[in-house]
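Following: one structure in structure tokens, then a few remarks.
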Amino acid sequence: VGSAIGTMLFRAAWRRAALLVKVSPGPRPTLHNRGLRLRVIDNASQSAVPSDAESGLRPLYMDVQATTPLDPRVLDAMLPYLINYYGNPHSRTHAYGWESEAAMEHARQQVASLIGADPREIIFTSGATESNNIAVKGVARFYKSRKKHVITTQTEHKCVLDSCRSLETEGFRVTYLPVQKNGIIDLKELEAAIQPDTSLVSVMTVNNEIGVKQPIAEIGEYYSLKRYIFHTDAAQACHKLYGVGAIYIRRRPRVRVEPLQSGGGQERGMRSGTVPTPLVVGLGAACEVAQQEMEYDHKRISQLAERLTQNIMKSLPDVVMNGDPEHHYPGCINLSFAYVEGESLLMALKDVALSSGSACTSASLEPSYVLRAIGTDEDLAHSSIRFGIGRFTTEEEVDYTVEKCVQHVKRLREMSPLWEMVQDGIDLKSIKWTQH
């Protein structure tokens with residue numbers, strides 16, 4: 001009986017919530033200039049939530065390269081399509097489908113506007129991993145009768161590298177370009193790697209582990225004169241937009257891809273499957289917010305990043321910033337703390353949510369392949385921490401993170417025999433270590 005009453009109350013509450021949302025179908029209204037920065041924690045007792053969260057004690061969030069908090073303005077845009085306008089955007093015989101289709105096409109326009117593209121060049125996907133798979137595998141397979149060579153870099157995201165390895169099993173040849181110590185490719189090496197049957201060059205815009213920006217404009221300019229297709233993974237270049245995913249596929253000159261999945265032929269036949277209207281509406285709203293506030297966000301995030309980096313480095317010796325400090329997205333800071341194990345530091349910093357690298361490879365205890373590619377010593381690679389700064393990060397959070405980081409690095413170094421040897425003037429590289 002109690003369960004039945006609870007269900008009835010839930011349905012009544014849901015109906016009331018639906019009646020409160022009075023939004024006309026079709027394109028969303030203009031978004032407000034700027035939302036409040038809030039840290040809200042629901043203290044209602046829920047068995048699925050850890051006890052720390054129930055008491056309001058959650059760590060500060062400094063891992064925006066993994067994912068970002070949802071902007072309230074984006075949630076505002078999505079809610080009507082979760083409650084009232086729930087039609088399938090591909091249903092062409094009634095108003096529910098027409099409403100959702102109008103919202104989907106408006107979102108497509110918002111994404112296209114952010115990057116200066118034609119809306120017809122935007123294909124919605126489930127996220128960056130699927131987009132990159134479509135780009136790398138789709139292009140290579142479509143042109144495989146004439147071209148069987150692909151070029152990428154050693155520091156690409158796992159989904160690009162694994163797509164290339166998959167192509168190798170199909171008979172394609174892949175060149176994995178090394179990067180320089182600053183994490184940036186040598187354009188001369190890229191030019192030398194091109195072969196007559198090269199179909200695709202894939203170089204990411206911003207690296208998700210060390211924040212380095214590749215010379216995408218120069219590469220794009222060069223390849224506009226050549227008969228090769230250029231792909232870039234730009235997931236980290238847009239402040240990790242919240243929503244689903246999208247891929248830009250140029251129409252003129254036309255780029256062709258072989259679809260990866262079969263089905264109803266949605267998204268111009270390039271990505272079959274029903275487009276989730278609430279999520280693409282969220283992506284469109286996020287792109288609109290980004291377009292309005294990108295300049296402000298970049299300036300503010302740059303200031304916070306400088307504050308964090310300078311305060312850590314002036315308080316601690318033997319701290320190395322990984323990647324080029326100039327050609328760099330400021331919201332992604334990767335620091336190595338010599339003579340400290342990165343995992344130990346992460347465990348000590350339990351009240352700050354950080355990571356030691358990509359969330360996509362976090363199950364591995366091996367040092368980051370990105371840090372190995374830029375020539376970082378294994379010991380330093382194991383001591384690296386990635387700090388992520390985003391739109392809702394505050395100065396107080398940065399200062400608290402610096403304070404705790406400095407405190408725990410000093411404590412862990414005091415426990416390290418290697419640190420003691422260095423303080424005594426011993427050159428660790430001169431020691432011949434033996435195994436027993």
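Within each chain, counting starts at residue 1; across the structure tokens, chains are named A, B, ... in the order shown, with ligands numbered 1 upward in that order.
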- Residue set, range 72-183 of chain A restricted to strand (DSSP E or B), as a PyMOL selection string: chain A and resi 122-125+149-153+173-177
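The list of residues with at least one atom within 9 Å of Thr129 in chain A, based on only C-alpha atoms and without residues fewer than 5 positions apart in the same chain, reads Ile134, His157, Lys158, Cys159, Val160 and Gly245 of chain A.
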Take the residues just selected and output them with N, CA and C atoms as an mmCIF file, in the first residue's frame.
```
data_model
loop_
_atom_site.group_PDB
_atom_site.id
_atom_site.type_symbol
_atom_site.label_atom_id
_atom_site.label_comp_id
_atom_site.auth_asym_id
_atom_site.auth_seq_id
_atom_site.Cartn_x
_atom_site.Cartn_y
_atom_site.Cartn_z
ATOM 1 N N ILE A 134 34.182 7.924 -36.074
ATOM 2 C CA ILE A 134 33.589 8.176 -37.384
ATOM 3 C C ILE A 134 34.602 8.851 -38.296
ATOM 4 N N HIS A 157 44.268 11.329 -28.139
ATOM 5 C CA HIS A 157 43.385 10.649 -27.202
ATOM 6 C C HIS A 157 43.312 9.166 -27.560
ATOM 7 N N LYS A 158 43.032 8.343 -26.552
ATOM 8 C CA LYS A 158 42.994 6.893 -26.762
ATOM 9 C C LYS A 158 42.043 6.474 -27.876
ATOM 10 N N CYS A 159 40.918 7.186 -28.023
ATOM 11 C CA CYS A 159 39.945 6.756 -29.038
ATOM 12 C C CYS A 159 40.504 6.940 -30.451
ATOM 13 N N VAL A 160 41.383 7.922 -30.651
ATOM 14 C CA VAL A 160 42.014 8.102 -31.958
ATOM 15 C C VAL A 160 43.103 7.054 -32.161
ATOM 16 N N GLY A 245 27.451 14.979 -28.274
ATOM 17 C CA GLY A 245 28.627 15.228 -29.087
ATOM 18 C C GLY A 245 28.214 15.619 -30.490
#
```
Write out as a PDB file with C-alpha atoms, in the first residue's frame each polymer residue whose atoms come within 10 Å of range 394-402 of chain A, counting only C-alpha atoms; drop sequence neighbours fewer than 3 positions from it.
```pdb
ATOM      1  CA  ARG A  37      28.071  30.626  -9.465  1.00  0.00           C
ATOM      2  CA  LEU A  60      36.300  20.776  -4.281  1.00  0.00           C
ATOM      3  CA  TYR A  61      36.053  19.963  -7.983  1.00  0.00           C
ATOM      4  CA  MET A  62      39.269  20.570  -9.938  1.00  0.00           C
ATOM      5  CA  ARG A 300      39.401  34.633 -15.961  1.00  0.00           C
ATOM      6  CA  ILE A 301      40.610  31.023 -16.248  1.00  0.00           C
ATOM      7  CA  GLN A 303      44.255  34.463 -14.200  1.00  0.00           C
ATOM      8  CA  LEU A 304      43.262  31.572 -11.936  1.00  0.00           C
ATOM      9  CA  ALA A 305      45.726  29.239 -13.659  1.00  0.00           C
ATOM     10  CA  ARG A 307      47.597  32.144  -9.551  1.00  0.00           C
ATOM     11  CA  LEU A 308      47.670  28.385  -8.952  1.00  0.00           C
ATOM     12  CA  THR A 309      50.909  27.704 -10.843  1.00  0.00           C
ATOM     13  CA  GLN A 310      52.902  30.624  -9.412  1.00  0.00           C
ATOM     14  CA  ASN A 311      51.808  30.030  -5.816  1.00  0.00           C
ATOM     15  CA  ILE A 312      52.703  26.329  -5.963  1.00  0.00           C
ATOM     16  CA  MET A 313      56.044  26.896  -7.667  1.00  0.00           C
ATOM     17  CA  SER A 315      56.273  27.542  -2.320  1.00  0.00           C
ATOM     18  CA  LEU A 349      44.334  15.505  -1.237  1.00  0.00           C
ATOM     19  CA  ASP A 351      39.171  17.020  -0.124  1.00  0.00           C
ATOM     20  CA  VAL A 352      40.085  18.156  -3.664  1.00  0.00           C
ATOM     21  CA  ALA A 353      38.898  16.207  -6.714  1.00  0.00           C
ATOM     22  CA  LEU A 354      41.966  15.901  -8.984  1.00  0.00           C
ATOM     23  CA  PHE A 387      44.644  20.486 -12.198  1.00  0.00           C
ATOM     24  CA  ILE A 389      40.061  25.010 -13.882  1.00  0.00           C
ATOM     25  CA  GLY A 390      36.660  25.868 -15.344  1.00  0.00           C
ATOM     26  CA  ARG A 391      33.910  28.489 -15.494  1.00  0.00           C
ATOM     27  CA  CYS A 405      48.951  20.669  -2.154  1.00  0.00           C
ATOM     28  CA  VAL A 406      51.980  22.460  -0.685  1.00  0.00           C
ATOM     29  CA  GLN A 407      51.247  21.052   2.770  1.00  0.00           C
TER      30      GLN A 407
END
```
- Item | Near-Val136 in chain A list (8 Å; only C-alpha atoms; drop same-chain fewer than 6 positions) as a PyMOL selection string | chain A and resi 160+163-164+200+202+231
What does the file look like for those residues with all heavy atoms, as a PDB file, in the first residue's frame?
```
ATOM      1  N   VAL A 160      41.383   7.922 -30.651  1.00  0.00           N
ATOM      2  CA  VAL A 160      42.014   8.102 -31.958  1.00  0.00           C
ATOM      3  C   VAL A 160      43.103   7.054 -32.161  1.00  0.00           C
ATOM      4  O   VAL A 160      43.185   6.403 -33.208  1.00  0.00           O
ATOM      5  CB  VAL A 160      42.592   9.528 -32.100  1.00  0.00           C
ATOM      6  CG1 VAL A 160      43.454   9.655 -33.363  1.00  0.00           C
ATOM      7  CG2 VAL A 160      41.465  10.554 -32.135  1.00  0.00           C
ATOM      8  N   SER A 163      41.560   3.661 -32.691  1.00  0.00           N
ATOM      9  CA  SER A 163      40.951   3.596 -34.029  1.00  0.00           C
ATOM     10  C   SER A 163      42.020   3.336 -35.084  1.00  0.00           C
ATOM     11  O   SER A 163      41.807   2.553 -36.013  1.00  0.00           O
ATOM     12  CB  SER A 163      40.206   4.898 -34.341  1.00  0.00           C
ATOM     13  OG  SER A 163      39.076   5.051 -33.521  1.00  0.00           O
ATOM     14  N   CYS A 164      43.165   3.978 -34.918  1.00  0.00           N
ATOM     15  CA  CYS A 164      44.263   3.773 -35.870  1.00  0.00           C
ATOM     16  C   CYS A 164      44.809   2.347 -35.774  1.00  0.00           C
ATOM     17  O   CYS A 164      45.116   1.724 -36.798  1.00  0.00           O
ATOM     18  CB  CYS A 164      45.376   4.791 -35.612  1.00  0.00           C
ATOM     19  SG  CYS A 164      44.952   6.472 -36.114  1.00  0.00           S
ATOM     20  N   LEU A 200      44.331  10.580 -44.603  1.00  0.00           N
ATOM     21  CA  LEU A 200      43.883  11.329 -43.428  1.00  0.00           C
ATOM     22  C   LEU A 200      45.063  11.725 -42.547  1.00  0.00           C
ATOM     23  O   LEU A 200      45.984  10.935 -42.330  1.00  0.00           O
ATOM     24  CB  LEU A 200      42.911  10.472 -42.607  1.00  0.00           C
ATOM     25  CG  LEU A 200      42.360  11.096 -41.323  1.00  0.00           C
ATOM     26  CD1 LEU A 200      41.324  12.164 -41.635  1.00  0.00           C
ATOM     27  CD2 LEU A 200      41.744  10.029 -40.406  1.00  0.00           C
ATOM     28  N   SER A 202      45.372  13.256 -38.643  1.00  0.00           N
ATOM     29  CA  SER A 202      44.596  13.540 -37.438  1.00  0.00           C
ATOM     30  C   SER A 202      45.503  14.086 -36.342  1.00  0.00           C
ATOM     31  O   SER A 202      46.388  13.381 -35.853  1.00  0.00           O
ATOM     32  CB  SER A 202      43.887  12.270 -36.948  1.00  0.00           C
ATOM     33  OG  SER A 202      43.136  12.539 -35.786  1.00  0.00           O
ATOM     34  N   HIS A 231      41.755  16.012 -39.891  1.00  0.00           N
ATOM     35  CA  HIS A 231      40.814  15.847 -38.781  1.00  0.00           C
ATOM     36  C   HIS A 231      41.475  16.326 -37.500  1.00  0.00           C
ATOM     37  O   HIS A 231      42.656  16.081 -37.269  1.00  0.00           O
ATOM     38  CB  HIS A 231      40.434  14.359 -38.622  1.00  0.00           C
ATOM     39  CG  HIS A 231      39.835  14.053 -37.276  1.00  0.00           C
ATOM     40  ND1 HIS A 231      40.493  13.293 -36.325  1.00  0.00           N
ATOM     41  CD2 HIS A 231      38.654  14.405 -36.722  1.00  0.00           C
ATOM     42  CE1 HIS A 231      39.740  13.183 -35.254  1.00  0.00           C
ATOM     43  NE2 HIS A 231      38.616  13.854 -35.456  1.00  0.00           N
TER      44      HIS A 231
END
```
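Omitting Gly264 in chain A and its sequence neighbours fewer than 5 positions away, and counting only C-alpha atoms, the residues within 8 Å are Gly269, Ser272 and Gly273 of chain A.
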Can you build me a table of range 186-283 of chain A residues sitting at most 7 Å from range 139-155 of chain A, with the closest atom pair per residue and its distance in Å to one decimal, using only C-alpha atoms, sorted by chain and residue number, as JSON lines?
```
{"residue": "A:Asp197", "atom": "CA", "partner": "A:Lys147", "partner_atom": "CA", "distance": 4.3}
{"residue": "A:Thr198", "atom": "CA", "partner": "A:His149", "partner_atom": "CA", "distance": 4.4}
{"residue": "A:Ser199", "atom": "CA", "partner": "A:Lys147", "partner_atom": "CA", "distance": 5.5}
{"residue": "A:Leu200", "atom": "CA", "partner": "A:Val150", "partner_atom": "CA", "distance": 5.0}
{"residue": "A:Val201", "atom": "CA", "partner": "A:Ile151", "partner_atom": "CA", "distance": 4.7}
{"residue": "A:Ser202", "atom": "CA", "partner": "A:Thr152", "partner_atom": "CA", "distance": 4.8}
{"residue": "A:Val203", "atom": "CA", "partner": "A:Thr152", "partner_atom": "CA", "distance": 5.8}
{"residue": "A:Arg256", "atom": "CA", "partner": "A:Val139", "partner_atom": "CA", "distance": 6.4}
{"residue": "A:Val257", "atom": "CA", "partner": "A:Val139", "partner_atom": "CA", "distance": 4.6}
{"residue": "A:Glu258", "atom": "CA", "partner": "A:Phe142", "partner_atom": "CA", "distance": 5.2}
```
Would you export the selected residues with C-alpha atoms as an mmCIF file, in the first residue's frame, please?
```cif
data_model
loop_
_atom_site.group_PDB
_atom_site.id
_atom_site.type_symbol
_atom_site.label_atom_id
_atom_site.label_comp_id
_atom_site.auth_asym_id
_atom_site.auth_seq_id
_atom_site.Cartn_x
_atom_site.Cartn_y
_atom_site.Cartn_z
ATOM 1 C CA ASP A 197 48.349 7.427 -50.682
ATOM 2 C CA THR A 198 47.834 9.378 -47.434
ATOM 3 C CA SER A 199 44.093 9.789 -46.908
ATOM 4 C CA LEU A 200 43.883 11.329 -43.428
ATOM 5 C CA VAL A 201 45.949 13.418 -41.007
ATOM 6 C CA SER A 202 44.596 13.540 -37.438
ATOM 7 C CA VAL A 203 46.091 16.004 -34.921
ATOM 8 C CA ARG A 256 33.018 11.487 -47.454
ATOM 9 C CA VAL A 257 32.862 9.018 -44.564
ATOM 10 C CA GLU A 258 31.680 5.438 -44.341
#
```
Excluding Asp379 in chain A and any residue of its chain fewer than 5 positions from it, enumerate the residues within 10 Å of it, using only C-alpha atoms, and give them as an mmCIF file with N, CA and C atoms, in the first residue's frame.
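Writing done, so here's out_6.cif:
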```cif
data_model
loop_
_atom_site.group_PDB
_atom_site.id
_atom_site.type_symbol
_atom_site.label_atom_id
_atom_site.label_comp_id
_atom_site.auth_asym_id
_atom_site.auth_seq_id
_atom_site.Cartn_x
_atom_site.Cartn_y
_atom_site.Cartn_z
ATOM 1 N N SER A 336 54.456 18.048 -12.277
ATOM 2 C CA SER A 336 55.136 16.900 -11.663
ATOM 3 C C SER A 336 55.855 17.365 -10.409
ATOM 4 N N PHE A 337 55.625 16.653 -9.300
ATOM 5 C CA PHE A 337 56.246 16.980 -8.015
ATOM 6 C C PHE A 337 57.332 15.946 -7.746
ATOM 7 N N ALA A 338 58.572 16.320 -7.989
ATOM 8 C CA ALA A 338 59.684 15.374 -7.854
ATOM 9 C C ALA A 338 59.737 14.797 -6.440
ATOM 10 N N TYR A 339 60.087 13.492 -6.372
ATOM 11 C CA TYR A 339 60.275 12.755 -5.122
ATOM 12 C C TYR A 339 58.962 12.527 -4.359
ATOM 13 N N VAL A 340 57.833 12.624 -5.078
ATOM 14 C CA VAL A 340 56.528 12.340 -4.483
ATOM 15 C C VAL A 340 55.769 11.427 -5.439
ATOM 16 N N GLU A 341 55.171 10.371 -4.919
ATOM 17 C CA GLU A 341 54.347 9.488 -5.750
ATOM 18 C C GLU A 341 52.991 10.152 -5.991
ATOM 19 N N GLY A 342 52.625 10.300 -7.266
ATOM 20 C CA GLY A 342 51.394 10.997 -7.611
ATOM 21 C C GLY A 342 50.155 10.410 -6.957
ATOM 22 N N PRO A 367 52.778 4.826 -16.144
ATOM 23 C CA PRO A 367 52.889 6.279 -16.309
ATOM 24 C C PRO A 367 52.229 6.716 -17.609
ATOM 25 N N SER A 384 53.035 13.099 -11.433
ATOM 26 C CA SER A 384 52.283 14.191 -12.060
ATOM 27 C C SER A 384 50.835 14.251 -11.563
#
```
- Provide the CA of Met321 in chain A to CA of Glu209 in chain A distance in Å, to one decimal place. 11.8 Å
